[in-house]
$ cat structure32.pdb   # PDB, C-alpha atoms, pLDDT in the B column
ATOM      1  CA  MET A 266       0.746 -29.987 -10.984  1.00 53.00           C
ATOM      2  CA  SER A 267       1.644 -27.320  -8.455  1.00 69.00           C
ATOM      3  CA  GLN A 268       0.032 -23.922  -8.647  1.00 84.00           C
ATOM      4  CA  SER A 269       2.173 -20.877  -9.240  1.00 96.00           C
ATOM      5  CA  ILE A 270       2.789 -18.680  -6.208  1.00 97.00           C
ATOM      6  CA  GLN A 271       0.911 -15.957  -8.057  1.00 97.00           C
ATOM      7  CA  GLN A 272      -2.202 -18.108  -8.322  1.00 97.00           C
ATOM      8  CA  GLN A 273      -1.935 -19.338  -4.720  1.00 97.00           C
ATOM      9  CA  ILE A 274      -1.840 -15.751  -3.466  1.00 98.00           C
ATOM     10  CA  ILE A 275      -4.751 -14.658  -5.643  1.00 98.00           C
ATOM     11  CA  ASP A 276      -6.801 -17.655  -4.491  1.00 98.00           C
ATOM     12  CA  LEU A 277      -6.111 -16.870  -0.818  1.00 98.00           C
ATOM     13  CA  GLU A 278      -7.120 -13.249  -1.315  1.00 98.00           C
ATOM     14  CA  LEU A 279     -10.295 -14.117  -3.204  1.00 98.00           C
ATOM     15  CA  SER A 280     -11.414 -16.624  -0.613  1.00 98.00           C
ATOM     16  CA  ALA A 281     -11.017 -13.991   2.142  1.00 98.00           C
ATOM     17  CA  LEU A 282     -12.664 -11.361  -0.039  1.00 98.00           C
ATOM     18  CA  GLU A 283     -15.695 -13.552  -0.737  1.00 97.00           C
ATOM     19  CA  ARG A 284     -16.229 -13.953   3.000  1.00 98.00           C
ATOM     20  CA  TRP A 285     -15.670 -10.203   3.549  1.00 97.00           C
ATOM     21  CA  ASN A 286     -18.324  -9.410   0.955  1.00 97.00           C
ATOM     22  CA  HIS A 287     -20.843 -11.426   2.968  1.00 97.00           C
ATOM     23  CA  GLY A 288     -20.181  -9.661   6.255  1.00 97.00           C
ATOM     24  CA  ASP A 289     -17.469 -12.048   7.468  1.00 98.00           C
ATOM     25  CA  PRO A 290     -14.079 -10.394   8.028  1.00 98.00           C
ATOM     26  CA  TYR A 291     -12.534 -13.447   9.709  1.00 98.00           C
ATOM     27  CA  GLY A 292     -11.125 -14.902   6.528  1.00 98.00           C
ATOM     28  CA  TYR A 293      -8.802 -11.913   6.470  1.00 98.00           C
ATOM     29  CA  LEU A 294      -8.132 -12.233  10.187  1.00 98.00           C
ATOM     30  CA  ALA A 295      -7.110 -15.879   9.779  1.00 98.00           C
ATOM     31  CA  LEU A 296      -4.734 -14.921   6.973  1.00 98.00           C
ATOM     32  CA  SER A 297      -3.084 -12.065   8.871  1.00 98.00           C
ATOM     33  CA  SER A 298       0.115 -12.420  10.865  1.00 98.00           C
ATOM     34  CA  LYS A 299       0.642 -11.482  14.495  1.00 98.00           C
ATOM     35  CA  ASN A 300       2.531  -8.305  13.558  1.00 97.00           C
ATOM     36  CA  VAL A 301       0.327  -7.224  10.674  1.00 98.00           C
ATOM     37  CA  ILE A 302       0.036  -3.553   9.778  1.00 98.00           C
ATOM     38  CA  TYR A 303      -3.346  -2.517   8.360  1.00 98.00           C
ATOM     39  CA  ILE A 304      -4.107   0.731   6.504  1.00 98.00           C
ATOM     40  CA  ASP A 305      -7.354   1.995   5.064  1.00 97.00           C
ATOM     41  CA  PRO A 306      -8.732   5.475   4.321  1.00 97.00           C
ATOM     42  CA  PHE A 307     -11.062   5.535   7.324  1.00 96.00           C
ATOM     43  CA  PHE A 308      -8.213   5.325   9.832  1.00 97.00           C
ATOM     44  CA  ALA A 309      -5.858   8.266  10.291  1.00 96.00           C
ATOM     45  CA  HIS A 310      -3.012   5.961  11.326  1.00 96.00           C
ATOM     46  CA  GLN A 311      -1.901   2.382  10.830  1.00 98.00           C
ATOM     47  CA  LEU A 312      -3.523  -0.378  12.845  1.00 98.00           C
ATOM     48  CA  VAL A 313      -0.625  -2.327  14.311  1.00 98.00           C
ATOM     49  CA  GLY A 314      -0.830  -5.964  15.311  1.00 98.00           C
ATOM     50  CA  ILE A 315      -3.431  -8.688  15.072  1.00 98.00           C
ATOM     51  CA  ASP A 316      -5.271  -7.590  18.244  1.00 98.00           C
ATOM     52  CA  ALA A 317      -5.978  -4.135  16.819  1.00 98.00           C
ATOM     53  CA  LEU A 318      -7.119  -5.714  13.572  1.00 98.00           C
ATOM     54  CA  LYS A 319      -9.380  -8.160  15.402  1.00 98.00           C
ATOM     55  CA  ASP A 320     -11.014  -5.306  17.339  1.00 98.00           C
ATOM     56  CA  TYR A 321     -11.731  -3.539  14.066  1.00 98.00           C
ATOM     57  CA  TYR A 322     -13.063  -6.651  12.374  1.00 98.00           C
ATOM     58  CA  ASP A 323     -15.237  -7.457  15.388  1.00 98.00           C
ATOM     59  CA  SER A 324     -16.761  -3.981  15.057  1.00 98.00           C
ATOM     60  CA  ILE A 325     -17.825  -4.489  11.438  1.00 97.00           C
ATOM     61  CA  LYS A 326     -18.809  -8.131  11.282  1.00 97.00           C
ATOM     62  CA  GLY A 327     -22.194  -8.562   9.632  1.00 97.00           C
ATOM     63  CA  LYS A 328     -22.245  -4.985   8.359  1.00 95.00           C
ATOM     64  CA  ILE A 329     -20.779  -5.294   4.870  1.00 94.00           C
ATOM     65  CA  HIS A 330     -22.806  -6.738   2.033  1.00 95.00           C
ATOM     66  CA  VAL A 331     -21.303  -6.463  -1.400  1.00 97.00           C
ATOM     67  CA  GLU A 332     -23.698  -7.648  -4.086  1.00 96.00           C
ATOM     68  CA  ARG A 333     -21.103  -8.057  -6.802  1.00 96.00           C
ATOM     69  CA  TYR A 334     -17.544  -7.064  -7.439  1.00 97.00           C
ATOM     70  CA  GLU A 335     -14.898  -6.842 -10.100  1.00 98.00           C
ATOM     71  CA  PHE A 336     -11.400  -8.013  -9.181  1.00 98.00           C
ATOM     72  CA  ILE A 337      -9.199  -6.136 -11.628  1.00 98.00           C
ATOM     73  CA  SER A 338      -5.603  -6.397 -12.845  1.00 97.00           C
ATOM     74  CA  PRO A 339      -4.087  -8.465 -10.046  1.00 98.00           C
ATOM     75  CA  ARG A 340      -0.292  -8.431 -10.042  1.00 98.00           C
ATOM     76  CA  VAL A 341       1.977 -10.438  -7.773  1.00 98.00           C
ATOM     77  CA  GLN A 342       5.625  -9.498  -7.223  1.00 98.00           C
ATOM     78  CA  VAL A 343       7.496 -12.445  -5.688  1.00 97.00           C
ATOM     79  CA  ILE A 344      10.820 -11.958  -3.875  1.00 97.00           C
ATOM     80  CA  ASP A 345      11.988 -15.064  -2.041  1.00 95.00           C
ATOM     81  CA  ASN A 346       9.383 -15.717   0.652  1.00 97.00           C
ATOM     82  CA  ILE A 347       7.532 -12.431   0.112  1.00 98.00           C
ATOM     83  CA  ALA A 348       4.679 -11.931  -2.358  1.00 98.00           C
ATOM     84  CA  VAL A 349       3.246  -8.467  -2.992  1.00 98.00           C
ATOM     85  CA  LEU A 350      -0.261  -8.618  -4.420  1.00 98.00           C
ATOM     86  CA  SER A 351      -1.842  -5.483  -5.832  1.00 98.00           C
ATOM     87  CA  PHE A 352      -5.184  -5.171  -7.561  1.00 98.00           C
ATOM     88  CA  ASN A 353      -8.145  -2.905  -8.155  1.00 98.00           C
ATOM     89  CA  LEU A 354     -11.552  -3.751  -6.805  1.00 98.00           C
ATOM     90  CA  THR A 355     -14.925  -2.333  -7.727  1.00 98.00           C
ATOM     91  CA  SER A 356     -17.588  -3.186  -5.152  1.00 97.00           C
ATOM     92  CA  TYR A 357     -21.301  -2.709  -5.727  1.00 97.00           C
ATOM     93  CA  CYS A 358     -23.392  -2.260  -2.565  1.00 93.00           C
ATOM     94  CA  LYS A 359     -27.002  -1.335  -3.330  1.00 89.00           C
ATOM     95  CA  ASP A 360     -26.769   2.123  -4.919  1.00 90.00           C
ATOM     96  CA  LEU A 361     -23.127   2.700  -4.021  1.00 94.00           C
ATOM     97  CA  VAL A 362     -20.054   1.835  -6.022  1.00 97.00           C
ATOM     98  CA  TYR A 363     -16.632   1.813  -4.399  1.00 96.00           C
ATOM     99  CA  LYS A 364     -13.434   1.764  -6.415  1.00 98.00           C
ATOM    100  CA  TRP A 365     -10.416   0.526  -4.500  1.00 98.00           C
ATOM    101  CA  HIS A 366      -6.716   0.046  -4.822  1.00 98.00           C
ATOM    102  CA  CYS A 367      -5.282  -2.688  -2.654  1.00 98.00           C
ATOM    103  CA  THR A 368      -1.780  -3.819  -1.770  1.00 98.00           C
ATOM    104  CA  GLU A 369      -1.362  -6.993   0.279  1.00 98.00           C
ATOM    105  CA  ILE A 370       2.075  -8.158   1.369  1.00 98.00           C
ATOM    106  CA  TYR A 371       2.208 -11.877   2.079  1.00 98.00           C
ATOM    107  CA  GLN A 372       5.089 -13.668   3.797  1.00 98.00           C
ATOM    108  CA  LEU A 373       5.548 -17.440   3.692  1.00 98.00           C
ATOM    109  CA  ILE A 374       5.863 -18.512   7.349  1.00 93.00           C
ATOM    110  CA  GLU A 375       4.935 -22.199   7.117  1.00 93.00           C
ATOM    111  CA  GLN A 376       1.895 -20.852   5.263  1.00 97.00           C
ATOM    112  CA  TRP A 377       1.284 -17.568   3.455  1.00 98.00           C
ATOM    113  CA  GLN A 378       0.316 -14.819   5.885  1.00 98.00           C
ATOM    114  CA  ILE A 379      -0.543 -11.163   5.332  1.00 98.00           C
ATOM    115  CA  ILE A 380       1.978  -8.894   7.043  1.00 98.00           C
ATOM    116  CA  HIS A 381       0.767  -5.602   5.568  1.00 98.00           C
ATOM    117  CA  THR A 382      -2.542  -4.454   4.058  1.00 98.00           C
ATOM    118  CA  HIS A 383      -3.196  -1.119   2.369  1.00 98.00           C
ATOM    119  CA  TRP A 384      -6.686  -0.340   1.020  1.00 98.00           C
ATOM    120  CA  SER A 385      -7.373   3.003  -0.592  1.00 98.00           C
ATOM    121  CA  LEU A 386     -10.056   4.758  -2.604  1.00 97.00           C
ATOM    122  CA  ILE A 387      -9.526   5.857  -6.186  1.00 96.00           C
ATOM    123  CA  LYS A 388     -10.464   9.482  -6.822  1.00 89.00           C
TER     124      LYS A 388
ATOM    125  CA  MET B 291      28.486   2.845  14.111  1.00 53.00           C
ATOM    126  CA  SER B 292      26.182   1.426  11.473  1.00 70.00           C
ATOM    127  CA  GLN B 293      22.691   2.785  11.127  1.00 84.00           C
ATOM    128  CA  SER B 294      19.764   0.486  11.630  1.00 96.00           C
ATOM    129  CA  ILE B 295      17.981  -0.627   8.484  1.00 97.00           C
ATOM    130  CA  GLN B 296      14.935   1.210   9.795  1.00 97.00           C
ATOM    131  CA  GLN B 297      16.826   4.497   9.923  1.00 97.00           C
ATOM    132  CA  GLN B 298      18.480   3.956   6.537  1.00 97.00           C
ATOM    133  CA  ILE B 299      15.081   3.438   4.914  1.00 98.00           C
ATOM    134  CA  ILE B 300      13.544   6.472   6.610  1.00 98.00           C
ATOM    135  CA  ASP B 301      16.525   8.617   5.559  1.00 98.00           C
ATOM    136  CA  LEU B 302      16.213   7.471   1.933  1.00 98.00           C
ATOM    137  CA  GLU B 303      12.511   8.237   1.916  1.00 98.00           C
ATOM    138  CA  LEU B 304      12.937  11.664   3.500  1.00 98.00           C
ATOM    139  CA  SER B 305      15.654  12.694   1.071  1.00 98.00           C
ATOM    140  CA  ALA B 306      13.402  11.790  -1.881  1.00 98.00           C
ATOM    141  CA  LEU B 307      10.419  13.443  -0.197  1.00 98.00           C
ATOM    142  CA  GLU B 308      12.312  16.704   0.377  1.00 97.00           C
ATOM    143  CA  ARG B 309      13.090  16.860  -3.344  1.00 98.00           C
ATOM    144  CA  TRP B 310       9.497  15.945  -4.220  1.00 97.00           C
ATOM    145  CA  ASN B 311       8.215  18.794  -2.052  1.00 97.00           C
ATOM    146  CA  HIS B 312      10.299  21.222  -4.121  1.00 97.00           C
ATOM    147  CA  GLY B 313       8.975  20.075  -7.493  1.00 97.00           C
ATOM    148  CA  ASP B 314      11.659  17.454  -8.097  1.00 98.00           C
ATOM    149  CA  PRO B 315      10.296  13.894  -8.442  1.00 98.00           C
ATOM    150  CA  TYR B 316      13.619  12.435  -9.591  1.00 98.00           C
ATOM    151  CA  GLY B 317      14.798  11.494  -6.135  1.00 98.00           C
ATOM    152  CA  TYR B 318      11.981   8.959  -6.122  1.00 98.00           C
ATOM    153  CA  LEU B 319      12.763   7.920  -9.669  1.00 98.00           C
ATOM    154  CA  ALA B 320      16.395   7.234  -8.761  1.00 98.00           C
ATOM    155  CA  LEU B 321      15.281   5.108  -5.815  1.00 98.00           C
ATOM    156  CA  SER B 322      12.793   3.045  -7.812  1.00 98.00           C
ATOM    157  CA  SER B 323      13.574  -0.318  -9.366  1.00 98.00           C
ATOM    158  CA  LYS B 324      13.095  -1.310 -12.988  1.00 98.00           C
ATOM    159  CA  ASN B 325       9.970  -3.332 -12.201  1.00 97.00           C
ATOM    160  CA  VAL B 326       8.419  -0.919  -9.715  1.00 98.00           C
ATOM    161  CA  ILE B 327       4.662  -0.818  -9.251  1.00 98.00           C
ATOM    162  CA  TYR B 328       3.247   2.611  -8.362  1.00 98.00           C
ATOM    163  CA  ILE B 329      -0.228   3.317  -6.974  1.00 98.00           C
ATOM    164  CA  ASP B 330      -1.865   6.603  -6.075  1.00 97.00           C
ATOM    165  CA  PRO B 331      -5.494   7.762  -5.868  1.00 97.00           C
ATOM    166  CA  PHE B 332      -5.358   9.736  -9.127  1.00 96.00           C
ATOM    167  CA  PHE B 333      -4.673   6.655 -11.241  1.00 97.00           C
ATOM    168  CA  ALA B 334      -7.386   4.059 -11.737  1.00 96.00           C
ATOM    169  CA  HIS B 335      -4.780   1.299 -12.165  1.00 96.00           C
ATOM    170  CA  GLN B 336      -1.223   0.531 -11.158  1.00 98.00           C
ATOM    171  CA  LEU B 337       1.630   2.137 -13.047  1.00 98.00           C
ATOM    172  CA  VAL B 338       3.921  -0.747 -13.940  1.00 98.00           C
ATOM    173  CA  GLY B 339       7.634  -0.354 -14.574  1.00 98.00           C
ATOM    174  CA  ILE B 340      10.132   2.459 -14.353  1.00 98.00           C
ATOM    175  CA  ASP B 341       9.293   3.850 -17.804  1.00 98.00           C
ATOM    176  CA  ALA B 342       5.652   4.435 -16.861  1.00 98.00           C
ATOM    177  CA  LEU B 343       6.774   6.032 -13.611  1.00 98.00           C
ATOM    178  CA  LYS B 344       9.248   8.277 -15.415  1.00 98.00           C
ATOM    179  CA  ASP B 345       6.544   9.455 -17.837  1.00 98.00           C
ATOM    180  CA  TYR B 346       4.362  10.386 -14.877  1.00 98.00           C
ATOM    181  CA  TYR B 347       7.167  12.133 -13.019  1.00 98.00           C
ATOM    182  CA  ASP B 348       8.166  14.034 -16.174  1.00 98.00           C
ATOM    183  CA  SER B 349       4.582  15.305 -16.393  1.00 98.00           C
ATOM    184  CA  ILE B 350       4.600  16.792 -12.884  1.00 97.00           C
ATOM    185  CA  LYS B 351       8.142  18.070 -12.445  1.00 97.00           C
ATOM    186  CA  GLY B 352       8.154  21.636 -11.169  1.00 97.00           C
ATOM    187  CA  LYS B 353       4.457  21.534 -10.311  1.00 95.00           C
ATOM    188  CA  ILE B 354       4.450  20.496  -6.659  1.00 94.00           C
ATOM    189  CA  HIS B 355       5.403  22.915  -3.929  1.00 95.00           C
ATOM    190  CA  VAL B 356       4.842  21.785  -0.397  1.00 97.00           C
ATOM    191  CA  GLU B 357       5.537  24.521   2.109  1.00 96.00           C
ATOM    192  CA  ARG B 358       5.804  22.292   5.130  1.00 96.00           C
ATOM    193  CA  TYR B 359       4.964  18.750   6.073  1.00 97.00           C
ATOM    194  CA  GLU B 360       4.615  16.389   8.986  1.00 98.00           C
ATOM    195  CA  PHE B 361       6.115  12.915   8.623  1.00 98.00           C
ATOM    196  CA  ILE B 362       4.103  10.858  11.084  1.00 98.00           C
ATOM    197  CA  SER B 363       4.470   7.437  12.738  1.00 97.00           C
ATOM    198  CA  PRO B 364       6.935   5.788  10.359  1.00 98.00           C
ATOM    199  CA  ARG B 365       7.162   2.032  10.788  1.00 98.00           C
ATOM    200  CA  VAL B 366       9.574  -0.304   9.042  1.00 98.00           C
ATOM    201  CA  GLN B 367       8.944  -4.044   8.826  1.00 98.00           C
ATOM    202  CA  VAL B 368      12.161  -5.842   7.849  1.00 97.00           C
ATOM    203  CA  ILE B 369      12.091  -9.363   6.380  1.00 97.00           C
ATOM    204  CA  ASP B 370      15.468 -10.488   5.054  1.00 95.00           C
ATOM    205  CA  ASN B 371      16.260  -8.143   2.156  1.00 97.00           C
ATOM    206  CA  ILE B 372      12.822  -6.502   2.122  1.00 98.00           C
ATOM    207  CA  ALA B 373      11.851  -3.445   4.167  1.00 98.00           C
ATOM    208  CA  VAL B 374       8.261  -2.219   4.248  1.00 98.00           C
ATOM    209  CA  LEU B 375       8.014   1.415   5.280  1.00 98.00           C
ATOM    210  CA  SER B 376       4.637   2.893   6.151  1.00 98.00           C
ATOM    211  CA  PHE B 377       3.902   6.370   7.427  1.00 98.00           C
ATOM    212  CA  ASN B 378       1.394   9.199   7.417  1.00 98.00           C
ATOM    213  CA  LEU B 379       2.163  12.481   5.790  1.00 98.00           C
ATOM    214  CA  THR B 380       0.425  15.818   6.152  1.00 98.00           C
ATOM    215  CA  SER B 381       1.402  18.237   3.385  1.00 97.00           C
ATOM    216  CA  TYR B 382       0.621  21.949   3.475  1.00 97.00           C
ATOM    217  CA  CYS B 383       0.407  23.634   0.053  1.00 93.00           C
ATOM    218  CA  LYS B 384      -0.827  27.220   0.280  1.00 89.00           C
ATOM    219  CA  ASP B 385      -4.415  26.885   1.514  1.00 90.00           C
ATOM    220  CA  LEU B 386      -4.668  23.148   0.975  1.00 94.00           C
ATOM    221  CA  VAL B 387      -3.842  20.388   3.409  1.00 97.00           C
ATOM    222  CA  TYR B 388      -3.414  16.815   2.211  1.00 96.00           C
ATOM    223  CA  LYS B 389      -3.385  13.870   4.571  1.00 98.00           C
ATOM    224  CA  TRP B 390      -1.739  10.773   3.180  1.00 98.00           C
ATOM    225  CA  HIS B 391      -1.051   7.180   3.968  1.00 98.00           C
ATOM    226  CA  CYS B 392       2.009   5.729   2.295  1.00 98.00           C
ATOM    227  CA  THR B 393       3.463   2.255   1.958  1.00 98.00           C
ATOM    228  CA  GLU B 394       6.873   1.873   0.311  1.00 98.00           C
ATOM    229  CA  ILE B 395       8.379  -1.569  -0.225  1.00 98.00           C
ATOM    230  CA  TYR B 396      12.151  -1.483  -0.502  1.00 98.00           C
ATOM    231  CA  GLN B 397      14.317  -4.376  -1.683  1.00 98.00           C
ATOM    232  CA  LEU B 398      18.073  -4.540  -1.111  1.00 98.00           C
ATOM    233  CA  ILE B 399      19.579  -5.150  -4.571  1.00 93.00           C
ATOM    234  CA  GLU B 400      23.141  -3.911  -4.073  1.00 93.00           C
ATOM    235  CA  GLN B 401      21.394  -0.822  -2.722  1.00 97.00           C
ATOM    236  CA  TRP B 402      17.893  -0.273  -1.347  1.00 98.00           C
ATOM    237  CA  GLN B 403      15.388   0.203  -4.154  1.00 98.00           C
ATOM    238  CA  ILE B 404      11.646   0.832  -4.105  1.00 98.00           C
ATOM    239  CA  ILE B 405       9.759  -2.039  -5.749  1.00 98.00           C
ATOM    240  CA  HIS B 406       6.251  -0.922  -4.785  1.00 98.00           C
ATOM    241  CA  THR B 407       4.727   2.437  -3.818  1.00 98.00           C
ATOM    242  CA  HIS B 408       1.175   3.003  -2.582  1.00 98.00           C
ATOM    243  CA  TRP B 409       0.031   6.552  -1.748  1.00 98.00           C
ATOM    244  CA  SER B 410      -3.529   7.155  -0.592  1.00 98.00           C
ATOM    245  CA  LEU B 411      -5.678   9.888   0.886  1.00 97.00           C
ATOM    246  CA  ILE B 412      -7.143   9.657   4.353  1.00 96.00           C
ATOM    247  CA  LYS B 413     -10.888  10.360   4.492  1.00 89.00           C
TER     248      LYS B 413
END

$ encode --input "structure32.pdb" --output "structure tokens"
Amino acid sequence: MSQSIQQQIIDLELSALERWNHGDPYGYLALSSKNVIYIDPFFAHQLVGIDALKDYYDSIKGKIHVERYEFISPRVQVIDNIAVLSFNLTSYCKDLVYKWHCTEIYQLIEQWQIIHTHWSLIK
Amino acid sequence: MSQSIQQQIIDLELSALERWNHGDPYGYLALSSKNVIYIDPFFAHQLVGIDALKDYYDSIKGKIHVERYEFISPRVQVIDNIAVLSFNLTSYCKDLVYKWHCTEIYQLIEQWQIIHTHWSLIK
């Protein structure tokens, strides 16, 4: 029985996220396409292209340790070979709690690849 | 001479943004599709669907007055009938300055419509 696209996308994201939460950003790197655009609140501008993303991920490998997380209200909009995943994430790191919005745009190019990532903090 | 898709998308966004900056959110409403998902830092979860978006826009009409703004580094990724616009925006409102990231996903359904919006604040 084939999985729905929605479930495939969520599974890909969660497998990268699990690695991320243990200090390993390369699950996300492997998922991302050559021309990926990456946005998060700590950068004033977009990161453009896989090389820029790799430089960033290299700089933070081993530094993030999330003890537990809640992956909340995932939604996947599918249009042809594009799937737009959005979700909320609450990450618990020692005494700190981070509440995130995330949008991930996946494109099916032989396999599903992330072409655009937008992480942001909830006020 | 036909405009590039990139320029069409930027023009649509700027015309809605100009109205937004004068207290009129309905330019964005008119651009948004029935099944739009809307994310900004003041909501803990996604707004889902045009009715939820309209309720929000109704609640803020006439309340936003941006005196001037900078529309920074727009990028448009085009995949078939999908265009992903991202940009930075600095908005000046009296003594306050807001620095934003934005991702807008447009789909061509007869005309270009926004199917996903993600606004976030830069740290």

$ resolve_selection --input "structure32.pdb" --expression "the ChimeraX specification (/B :<9) & /A" --output "number ranges by chain"
A: 302, 304-311, 337-338, 342, 344, 346-347, 349, 351-353, 364-368, 372, 380-381, 383-388

$ residues_around --input "structure32.pdb" --residues "Ala295 of chain A" --least-positions-apart "5" --cutoff "10 Å" --atoms "all atoms listed in the file" --output "list in words"
Ala281, Pro290, Ile315, Lys319, Gln378 and Ile379 of chain A

$ atom_distance --input "structure32.pdb" --atom1 "atom CA of Ser298 of chain A" --atom2 "atom CA of Gly314 of chain A"
7.9 Å

$ atom_distance --input "structure32.pdb" --atom1 "atom CA of Leu302 of chain B" --atom2 "atom CA of Ala317 of chain A"
29.1 Å

$ atom_distance --input "structure32.pdb" --atom1 "atom CA of Leu386 of chain B" --atom2 "atom CA of Glu308 of chain B"
18.2 Å

$ closest_residue --input "structure32.pdb" --among "B:Tyr382, B:Tyr388, B:Tyr318, B:Trp310" --to "Lys351 of chain B" --atoms "all atoms listed in the file"
B:Trp310
